[in-house]
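File shown: entry.cif (mmCIF, C-alpha atoms and all ligand atoms).
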```
data_run
#
loop_
_atom_site.label_atom_id
_atom_site.label_comp_id
_atom_site.auth_asym_id
_atom_site.auth_seq_id
_atom_site.Cartn_x
_atom_site.Cartn_y
_atom_site.Cartn_z
CA MET A 1 3.80 -182.17 -171.29
CA ALA A 2 6.85 -183.77 -169.67
CA HIS A 3 4.82 -186.94 -169.34
CA GLU A 4 3.91 -186.86 -173.03
CA VAL A 5 7.53 -186.46 -174.06
CA HIS A 6 8.49 -189.30 -171.79
CA ALA A 7 5.76 -191.53 -173.20
CA HIS A 8 6.91 -190.69 -176.70
CA MET A 9 10.49 -191.66 -175.87
CA GLU A 10 9.53 -195.00 -174.41
CA VAL A 11 10.19 -198.02 -176.60
CA HIS A 12 8.09 -201.07 -176.41
CA HIS A 13 10.25 -204.01 -177.30
CA GLU A 14 7.73 -206.75 -177.56
CA PRO A 15 9.49 -209.99 -176.90
CA LYS A 16 7.83 -212.86 -178.67
CA SER A 17 9.74 -215.71 -177.15
CA PHE A 18 12.67 -216.58 -174.94
CA TRP A 19 14.90 -216.54 -178.04
CA THR A 20 13.95 -213.06 -179.21
CA LYS A 21 13.95 -211.68 -175.69
CA TYR A 22 17.21 -213.08 -174.32
CA ILE A 23 19.26 -214.64 -177.12
CA PHE A 24 18.67 -212.61 -180.29
CA SER A 25 17.48 -209.49 -178.53
CA GLN A 26 17.65 -206.08 -180.18
CA ASP A 27 17.33 -204.26 -176.89
CA ALA A 28 20.58 -202.44 -176.03
CA LYS A 29 20.19 -203.21 -172.32
CA ILE A 30 19.87 -206.96 -172.89
CA ILE A 31 22.75 -206.86 -175.38
CA GLY A 32 24.83 -205.02 -172.76
CA ILE A 33 24.09 -207.73 -170.22
CA GLN A 34 24.92 -210.43 -172.77
CA TYR A 35 28.30 -208.81 -173.43
CA LEU A 36 28.97 -208.49 -169.70
CA ILE A 37 28.20 -212.15 -169.00
CA THR A 38 30.32 -213.26 -171.95
CA ALA A 39 33.17 -210.97 -170.83
CA PHE A 40 33.19 -212.45 -167.34
CA VAL A 41 33.16 -216.02 -168.69
CA MET A 42 36.11 -215.15 -170.94
CA GLY A 43 37.83 -213.40 -168.02
CA PHE A 44 37.50 -216.60 -166.02
CA ILE A 45 39.07 -218.66 -168.82
CA ALA A 46 41.98 -216.18 -168.90
CA LEU A 47 42.26 -216.41 -165.12
CA VAL A 48 42.57 -220.20 -165.33
CA LEU A 49 45.36 -219.75 -167.86
CA SER A 50 47.14 -217.46 -165.41
CA TRP A 51 46.90 -220.19 -162.76
CA LEU A 52 48.67 -222.57 -165.15
CA MET A 53 51.42 -220.00 -165.72
CA ARG A 54 51.73 -219.36 -161.99
CA LEU A 55 52.15 -223.11 -161.35
CA GLN A 56 55.20 -223.17 -163.60
CA LEU A 57 56.63 -219.89 -162.35
CA GLY A 58 55.98 -220.56 -158.68
CA PHE A 59 57.33 -224.11 -158.63
CA PRO A 60 60.02 -224.40 -161.31
CA GLY A 61 61.06 -227.98 -161.99
CA LYS A 62 58.22 -229.48 -160.00
CA THR A 63 55.99 -232.00 -161.73
CA PHE A 64 52.23 -232.06 -161.33
CA LEU A 65 50.87 -235.43 -162.29
CA TRP A 66 47.27 -234.26 -162.03
CA LEU A 67 48.13 -231.64 -164.64
CA GLU A 68 49.12 -234.39 -167.05
CA LYS A 69 45.79 -236.09 -166.46
CA LEU A 70 44.00 -232.81 -167.09
CA LEU A 71 45.98 -231.78 -170.16
CA PRO A 72 47.56 -234.97 -171.58
CA ASN A 73 48.82 -233.27 -174.73
CA ALA A 74 50.01 -230.06 -173.15
CA ALA A 75 51.61 -231.29 -169.93
CA GLN A 76 53.46 -234.55 -170.60
CA GLY A 77 55.36 -235.57 -167.48
CA GLY A 78 53.42 -233.12 -165.35
CA VAL A 79 55.10 -230.00 -166.72
CA LEU A 80 53.51 -227.65 -169.24
CA ASN A 81 55.32 -227.94 -172.54
CA GLN A 82 56.95 -224.87 -174.01
CA ASP A 83 54.44 -224.46 -176.79
CA PHE A 84 51.42 -224.59 -174.51
CA TYR A 85 53.03 -222.25 -172.00
CA LEU A 86 53.62 -219.62 -174.68
CA ALA A 87 50.10 -220.15 -176.00
CA ALA A 88 48.73 -219.69 -172.49
CA VAL A 89 50.59 -216.39 -171.99
CA THR A 90 49.45 -215.11 -175.38
CA MET A 91 45.86 -216.15 -174.88
CA HIS A 92 45.74 -214.85 -171.32
CA GLY A 93 46.87 -211.39 -172.48
CA THR A 94 44.69 -211.40 -175.60
CA ILE A 95 41.58 -212.56 -173.78
CA MET A 96 42.02 -210.17 -170.86
CA ILE A 97 42.51 -207.14 -173.10
CA PHE A 98 40.12 -207.80 -175.99
CA PHE A 99 37.51 -210.20 -174.66
CA PHE A 100 37.31 -209.06 -171.05
CA ILE A 101 38.24 -205.39 -170.56
CA THR A 102 37.25 -204.15 -174.02
CA ALA A 103 34.18 -206.34 -174.33
CA ALA A 104 32.88 -205.40 -170.88
CA GLY A 105 33.58 -201.70 -171.45
CA THR A 106 32.40 -201.07 -174.98
CA GLY A 107 30.01 -203.98 -175.42
CA GLY A 108 28.65 -204.25 -171.92
CA PHE A 109 28.65 -200.92 -170.13
CA ALA A 110 28.36 -198.77 -173.26
CA ASN A 111 25.32 -200.65 -174.57
CA TYR A 112 23.65 -200.61 -171.21
CA LEU A 113 24.43 -197.07 -170.10
CA ILE A 114 24.89 -194.75 -173.10
CA PRO A 115 21.29 -194.84 -174.37
CA LEU A 116 20.14 -194.19 -170.79
CA GLN A 117 22.64 -191.37 -170.28
CA ILE A 118 21.79 -189.48 -173.46
CA GLY A 119 18.08 -190.18 -173.23
CA ALA A 120 17.93 -192.16 -176.48
CA ARG A 121 15.40 -194.89 -177.05
CA ASP A 122 18.00 -197.44 -178.11
CA MET A 123 21.16 -197.67 -180.14
CA ALA A 124 20.90 -196.27 -183.68
CA PHE A 125 20.79 -199.68 -185.36
CA PRO A 126 19.40 -202.30 -182.98
CA PHE A 127 19.45 -205.06 -185.59
CA VAL A 128 23.12 -204.47 -186.38
CA ASN A 129 23.79 -204.31 -182.64
CA MET A 130 22.20 -207.75 -182.26
CA LEU A 131 24.20 -209.12 -185.22
CA SER A 132 27.36 -207.79 -183.63
CA TYR A 133 26.76 -209.74 -180.45
CA SER A 134 25.74 -212.87 -182.39
CA GLY A 135 29.17 -212.93 -184.02
CA THR A 136 30.79 -212.88 -180.62
CA PHE A 137 31.10 -216.64 -180.21
CA SER A 138 32.89 -217.28 -183.47
CA ARG A 139 35.24 -214.38 -182.72
CA ARG A 140 36.14 -215.94 -179.40
CA PHE A 141 36.19 -219.53 -180.58
CA VAL A 142 38.76 -219.05 -183.36
CA PRO A 143 41.64 -217.74 -181.21
CA LEU A 144 40.80 -220.21 -178.44
CA CYS A 145 41.50 -223.00 -180.95
CA SER A 146 45.15 -222.01 -180.83
CA LEU A 147 45.28 -223.47 -177.32
CA ARG A 148 44.53 -226.99 -178.45
CA PRO A 149 47.81 -228.55 -179.59
CA SER A 150 46.36 -231.45 -181.57
CA SER A 151 42.81 -230.89 -182.62
CA CYS A 152 40.74 -231.41 -185.68
CA LEU A 153 40.92 -227.64 -185.92
CA ALA A 154 44.64 -227.82 -186.52
CA VAL A 155 44.42 -225.77 -189.71
CA LEU A 156 42.60 -222.97 -187.98
CA ARG A 157 44.90 -223.22 -185.02
CA GLY A 158 47.95 -223.09 -187.25
CA ALA A 159 46.67 -220.02 -189.05
CA VAL A 160 45.71 -218.13 -185.92
CA GLY A 161 48.72 -219.30 -183.91
CA ARG A 162 51.08 -218.18 -186.63
CA CYS A 163 49.50 -214.74 -186.74
CA ILE A 164 49.60 -214.04 -183.05
CA ARG A 165 52.46 -216.09 -181.63
CA PRO A 166 56.06 -215.60 -182.77
CA SER A 167 57.15 -219.04 -181.57
CA ALA A 168 54.51 -220.66 -183.79
CA ALA A 169 55.29 -218.35 -186.69
CA ARG A 170 58.86 -219.63 -186.76
CA ARG A 171 57.77 -223.25 -187.03
CA LYS A 172 57.20 -225.01 -190.32
CA PRO A 173 53.54 -225.70 -191.12
C1 LIG B 1 43.11 -206.52 -168.04
C2 LIG B 1 44.09 -207.26 -168.31
C3 LIG B 1 44.65 -208.32 -167.39
C4 LIG B 1 44.19 -208.84 -166.21
C5 LIG B 1 42.91 -208.48 -165.44
C6 LIG B 1 45.14 -209.84 -165.80
C7 LIG B 1 45.02 -210.62 -164.66
C8 LIG B 1 45.96 -211.51 -164.22
C9 LIG B 1 45.89 -212.28 -162.99
C10 LIG B 1 44.77 -212.22 -161.98
C11 LIG B 1 47.00 -213.03 -162.91
C12 LIG B 1 47.38 -214.01 -161.82
C13 LIG B 1 48.41 -213.36 -160.95
C14 LIG B 1 49.02 -214.33 -160.01
O1 LIG B 1 49.39 -215.42 -160.40
O2 LIG B 1 49.15 -213.98 -158.84
C15 LIG B 1 47.79 -212.77 -164.08
C16 LIG B 1 49.00 -213.35 -164.36
C17 LIG B 1 49.73 -213.12 -165.49
N1 LIG B 1 49.41 -212.26 -166.52
FE1 LIG B 1 47.79 -211.12 -166.61
N2 LIG B 1 46.14 -209.92 -166.73
C18 LIG B 1 45.88 -209.00 -167.71
C19 LIG B 1 46.62 -208.76 -168.83
C20 LIG B 1 47.80 -209.39 -169.16
C21 LIG B 1 48.56 -209.15 -170.36
C22 LIG B 1 48.20 -208.16 -171.47
C23 LIG B 1 49.64 -209.96 -170.32
C24 LIG B 1 50.75 -210.09 -171.32
C25 LIG B 1 50.65 -210.86 -172.34
C26 LIG B 1 49.57 -210.72 -169.07
C27 LIG B 1 50.48 -211.66 -168.66
C28 LIG B 1 50.42 -212.32 -167.46
C29 LIG B 1 51.43 -213.28 -167.01
C30 LIG B 1 52.71 -213.65 -167.75
C31 LIG B 1 50.99 -213.76 -165.78
C32 LIG B 1 51.70 -214.77 -164.89
C33 LIG B 1 52.51 -213.98 -163.91
C34 LIG B 1 52.69 -214.67 -162.62
O3 LIG B 1 51.84 -215.48 -162.22
O4 LIG B 1 53.68 -214.39 -161.98
N3 LIG B 1 48.42 -210.33 -168.40
N4 LIG B 1 47.15 -211.84 -164.86
#
```
For this file, produce the structure as C-alpha cells.
Ligand code: HEM
Amino acid sequence: MAHEVHAHMEVHHEPKSFWTKYIFSQDAKIIGIQYLITAFVMGFIALVLSWLMRLQLGFPGKTFLWLEKLLPNAAQGGVLNQDFYLAAVTMHGTIMIFFFITAAGTGGFANYLIPLQIGARDMAFPFVNMLSYSGTFSRRFVPLCSLRPSSCLAVLRGAVGRCIRPSAARRKP
C-alpha cells in the first residue's frame, strides 16, 4: 500500500533535451539548483565590488595604476571616482541582499527543499516557476547596468541609477 502511494506520488519529468532538462526545466529541484548557482555568481560579483571599496578605504590617497587599466572610465588616475564608488556600495548591498541572500533562500533552497519536505510532487505551477527563473537574467542585468559609467545602455543606467542612488538622482539627466 505504502509502495503504491509512493509510486503514485512520483513524478516522471521526461527531459527531451539538454535545454529542457537543464536550462528551461520545470523541475523544482533543477530550478532550485539554477537559482543557487546564479546566486553564488552574483554573490561573487558583489564580493569583487567590496574588494574595490576596501582598496579605497584601506589605502586612502594611494593610487593603483592597474586599477586604471582595469576600469579606465571609473578609476582615472588609479583612484575610483566618486560616482563609481557610490555605485559600487549601492550595488554591493543590493546584490548581496536581493540577488544573493534572498535568491539563494527563496529561489534556491525553497524550490529544492519545500516540495521534498511536504511530500509534494513539485511546485504548484511548474511552468510559472520556470518562467520566473527565466526572467532572472534580465532582472539582474538591468541594475548591473548602473555600474557602467559610459555605456550604450546609458538611458537604462540613468533610469535605474536615479531610482536607487541618491547621488545620481540629484544630477541632471
Ligand atoms: C548578505 C549581505 C552582505 C554580505 C554577505 C556582505 C559581504 C561583504 C564582504 C565579504 C565585504 C568585504 C569585507 C572586507 O573588506 O573585509 C563587505 C564589505 C562591505 N559591505 Fe557588505 N555584505 C552584505 C551586505 C551589505 C549591505 C546591505 C551594505 C550596505 C549597502 C554593505 C556595505 C558594505 C561596505 C560599505 C563594505 C566595505 C567595508 C570595508 O571594506 O571596510 N554590505 N561586505
Of the candidates A:Gln56, A:Thr63, A:Ser132, A:Gln76, which one gets nearest to ligand LIG 1 (chain B) if we count only C-alpha atoms and all ligand atoms? A:Gln56
Return as a Markdown table the residues of chain A lying at most 12 Å from ligand LIG 1 (chain B), together with the closest atom-to-atom pair for each and the distance in Å to one decimal, counting all atoms listed in the file, with rows in chain order and ascending residue number.
```
| residue | atom | partner | partner_atom | distance |
| --- | --- | --- | --- | --- |
| A:Ala39 | CA | B:LIG1 | C1 | 11.2 |
| A:Phe40 | CA | B:LIG1 | C5 | 10.7 |
| A:Met42 | CA | B:LIG1 | C5 | 11.0 |
| A:Gly43 | CA | B:LIG1 | C5 | 7.5 |
| A:Phe44 | CA | B:LIG1 | C10 | 9.4 |
| A:Ile45 | CA | B:LIG1 | C7 | 10.8 |
| A:Ala46 | CA | B:LIG1 | C7 | 7.6 |
| A:Leu47 | CA | B:LIG1 | C10 | 5.8 |
| A:Val48 | CA | B:LIG1 | C12 | 8.6 |
| A:Leu49 | CA | B:LIG1 | C16 | 8.2 |
| A:Ser50 | CA | B:LIG1 | C16 | 4.6 |
| A:Trp51 | CA | B:LIG1 | O1 | 5.9 |
| A:Leu52 | CA | B:LIG1 | O3 | 8.3 |
| A:Met53 | CA | B:LIG1 | C32 | 5.3 |
| A:Arg54 | CA | B:LIG1 | O3 | 3.9 |
| A:Leu55 | CA | B:LIG1 | O3 | 7.7 |
| A:Gln56 | CA | B:LIG1 | O3 | 8.5 |
| A:Leu57 | CA | B:LIG1 | O4 | 6.3 |
| A:Gly58 | CA | B:LIG1 | O4 | 7.4 |
| A:Phe59 | CA | B:LIG1 | O3 | 10.8 |
| A:Pro60 | CA | B:LIG1 | O4 | 11.9 |
| A:Tyr85 | CA | B:LIG1 | C30 | 9.6 |
| A:Leu86 | CA | B:LIG1 | C30 | 9.2 |
| A:Ala87 | CA | B:LIG1 | C25 | 10.0 |
| A:Ala88 | CA | B:LIG1 | C30 | 8.6 |
| A:Val89 | CA | B:LIG1 | C30 | 5.5 |
| A:Thr90 | CA | B:LIG1 | C25 | 5.4 |
| A:Met91 | CA | B:LIG1 | C25 | 7.6 |
| A:His92 | CA | B:LIG1 | N3 | 6.0 |
| A:Gly93 | CA | B:LIG1 | C21 | 3.5 |
| A:Thr94 | CA | B:LIG1 | C22 | 6.3 |
| A:Ile95 | CA | B:LIG1 | C2 | 8.0 |
| A:Met96 | CA | B:LIG1 | C2 | 4.4 |
| A:Ile97 | CA | B:LIG1 | C2 | 5.0 |
| A:Phe98 | CA | B:LIG1 | C1 | 8.6 |
| A:Phe99 | CA | B:LIG1 | C1 | 9.4 |
| A:Phe100 | CA | B:LIG1 | C1 | 7.0 |
| A:Ile101 | CA | B:LIG1 | C1 | 5.6 |
| A:Thr102 | CA | B:LIG1 | C1 | 8.7 |
| A:Ala103 | CA | B:LIG1 | C1 | 10.9 |
| A:Ala104 | CA | B:LIG1 | C1 | 10.7 |
| A:Gly105 | CA | B:LIG1 | C1 | 11.2 |
| A:Ile164 | CA | B:LIG1 | C25 | 11.2 |
| A:Arg165 | CA | B:LIG1 | C25 | 10.8 |
```
Top pick for closest residue to Ile114 in chain A, considering A:Ser25, A:Gly32, A:Ser17, A:Pro126 and counting all atoms listed in the file: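 Smallest distance to Ile114 in chain A is found for A:Gly32.
When CA of Thr136 in chain A is paired with CA of Ile118 in chain A, their separation reads 26.1 Å.
Here CA of Asn111 in chain A is placed at a distance of 9.0 Å from CA of Asn129 in chain A.
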One decimal, Å: what's the distance from CA of Tyr112 in chain A over to CA of Ser134 in chain A, could you say?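 Interatomic distance, CA of Tyr112 in chain A to CA of Ser134 in chain A: 16.7 Å.
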A:Thr106, A:Gln82, A:Ser146, A:Gln117: which is nearest Ile31 in chain A, counting all atoms listed in the file?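 For Ile31 in chain A, the nearest of the given residues is A:Thr106.
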Selection: 10 Å around Gln26 in chain A, all atoms listed in the file, excl. self and same-chain fewer than 4 positions, as a ChimeraX atom specification: /A:13,15,20-22,30-31,122-123,125-131,133
Could I get range 88-103 of chain A rebuilt with N, CA, C and O atoms, written as a JSON list (two decimals), keeping the file's coordinate frame?
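Wrote it out as selection08.json, contents follow:
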```
[["chain", "number", "residue", "atom", "x", "y", "z"],
["A", 88, "ALA", "N", 49.51, -220.14, -173.65],
["A", 88, "ALA", "CA", 48.73, -219.69, -172.49],
["A", 88, "ALA", "C", 49.00, -218.22, -172.18],
["A", 88, "ALA", "O", 48.07, -217.46, -171.92],
["A", 89, "VAL", "N", 50.27, -217.80, -172.24],
["A", 89, "VAL", "CA", 50.59, -216.39, -171.99],
["A", 89, "VAL", "C", 49.91, -215.51, -173.04],
["A", 89, "VAL", "O", 49.24, -214.51, -172.71],
["A", 90, "THR", "N", 50.04, -215.91, -174.30],
["A", 90, "THR", "CA", 49.45, -215.11, -175.38],
["A", 90, "THR", "C", 47.94, -215.01, -175.23],
["A", 90, "THR", "O", 47.36, -213.93, -175.34],
["A", 91, "MET", "N", 47.32, -216.16, -174.96],
["A", 91, "MET", "CA", 45.86, -216.15, -174.88],
["A", 91, "MET", "C", 45.37, -215.46, -173.62],
["A", 91, "MET", "O", 44.32, -214.81, -173.63],
["A", 92, "HIS", "N", 46.12, -215.57, -172.54],
["A", 92, "HIS", "CA", 45.74, -214.85, -171.32],
["A", 92, "HIS", "C", 45.71, -213.34, -171.61],
["A", 92, "HIS", "O", 44.71, -212.67, -171.33],
["A", 93, "GLY", "N", 46.80, -212.84, -172.19],
["A", 93, "GLY", "CA", 46.87, -211.39, -172.48],
["A", 93, "GLY", "C", 45.80, -210.97, -173.47],
["A", 93, "GLY", "O", 45.08, -209.99, -173.25],
["A", 94, "THR", "N", 45.66, -211.75, -174.55],
["A", 94, "THR", "CA", 44.69, -211.40, -175.60],
["A", 94, "THR", "C", 43.27, -211.41, -175.05],
["A", 94, "THR", "O", 42.49, -210.48, -175.28],
["A", 95, "ILE", "N", 42.94, -212.46, -174.31],
["A", 95, "ILE", "CA", 41.58, -212.56, -173.78],
["A", 95, "ILE", "C", 41.31, -211.44, -172.78],
["A", 95, "ILE", "O", 40.26, -210.79, -172.84],
["A", 96, "MET", "N", 42.24, -211.22, -171.87],
["A", 96, "MET", "CA", 42.02, -210.17, -170.86],
["A", 96, "MET", "C", 41.81, -208.81, -171.51],
["A", 96, "MET", "O", 40.92, -208.05, -171.12],
["A", 97, "ILE", "N", 42.61, -208.47, -172.51],
["A", 97, "ILE", "CA", 42.51, -207.14, -173.10],
["A", 97, "ILE", "C", 41.29, -207.02, -174.02],
["A", 97, "ILE", "O", 40.47, -206.11, -173.90],
["A", 98, "PHE", "N", 41.16, -207.97, -174.96],
["A", 98, "PHE", "CA", 40.12, -207.80, -175.99],
["A", 98, "PHE", "C", 38.77, -208.37, -175.59],
["A", 98, "PHE", "O", 37.73, -207.83, -175.94],
["A", 99, "PHE", "N", 38.79, -209.53, -174.90],
["A", 99, "PHE", "CA", 37.51, -210.20, -174.66],
["A", 99, "PHE", "C", 36.98, -209.97, -173.25],
["A", 99, "PHE", "O", 35.88, -210.38, -172.93],
["A", 100, "PHE", "N", 37.80, -209.37, -172.39],
["A", 100, "PHE", "CA", 37.31, -209.06, -171.05],
["A", 100, "PHE", "C", 37.17, -207.55, -170.88],
["A", 100, "PHE", "O", 36.05, -207.02, -170.89],
["A", 101, "ILE", "N", 38.29, -206.83, -170.82],
["A", 101, "ILE", "CA", 38.24, -205.39, -170.56],
["A", 101, "ILE", "C", 37.47, -204.64, -171.66],
["A", 101, "ILE", "O", 36.51, -203.92, -171.40],
["A", 102, "THR", "N", 37.88, -204.88, -172.92],
["A", 102, "THR", "CA", 37.25, -204.15, -174.02],
["A", 102, "THR", "C", 35.79, -204.57, -174.20],
["A", 102, "THR", "O", 34.91, -203.72, -174.39],
["A", 103, "ALA", "N", 35.55, -205.88, -174.10],
["A", 103, "ALA", "CA", 34.18, -206.34, -174.33],
["A", 103, "ALA", "C", 33.25, -205.86, -173.22],
["A", 103, "ALA", "O", 32.11, -205.46, -173.48]]
```
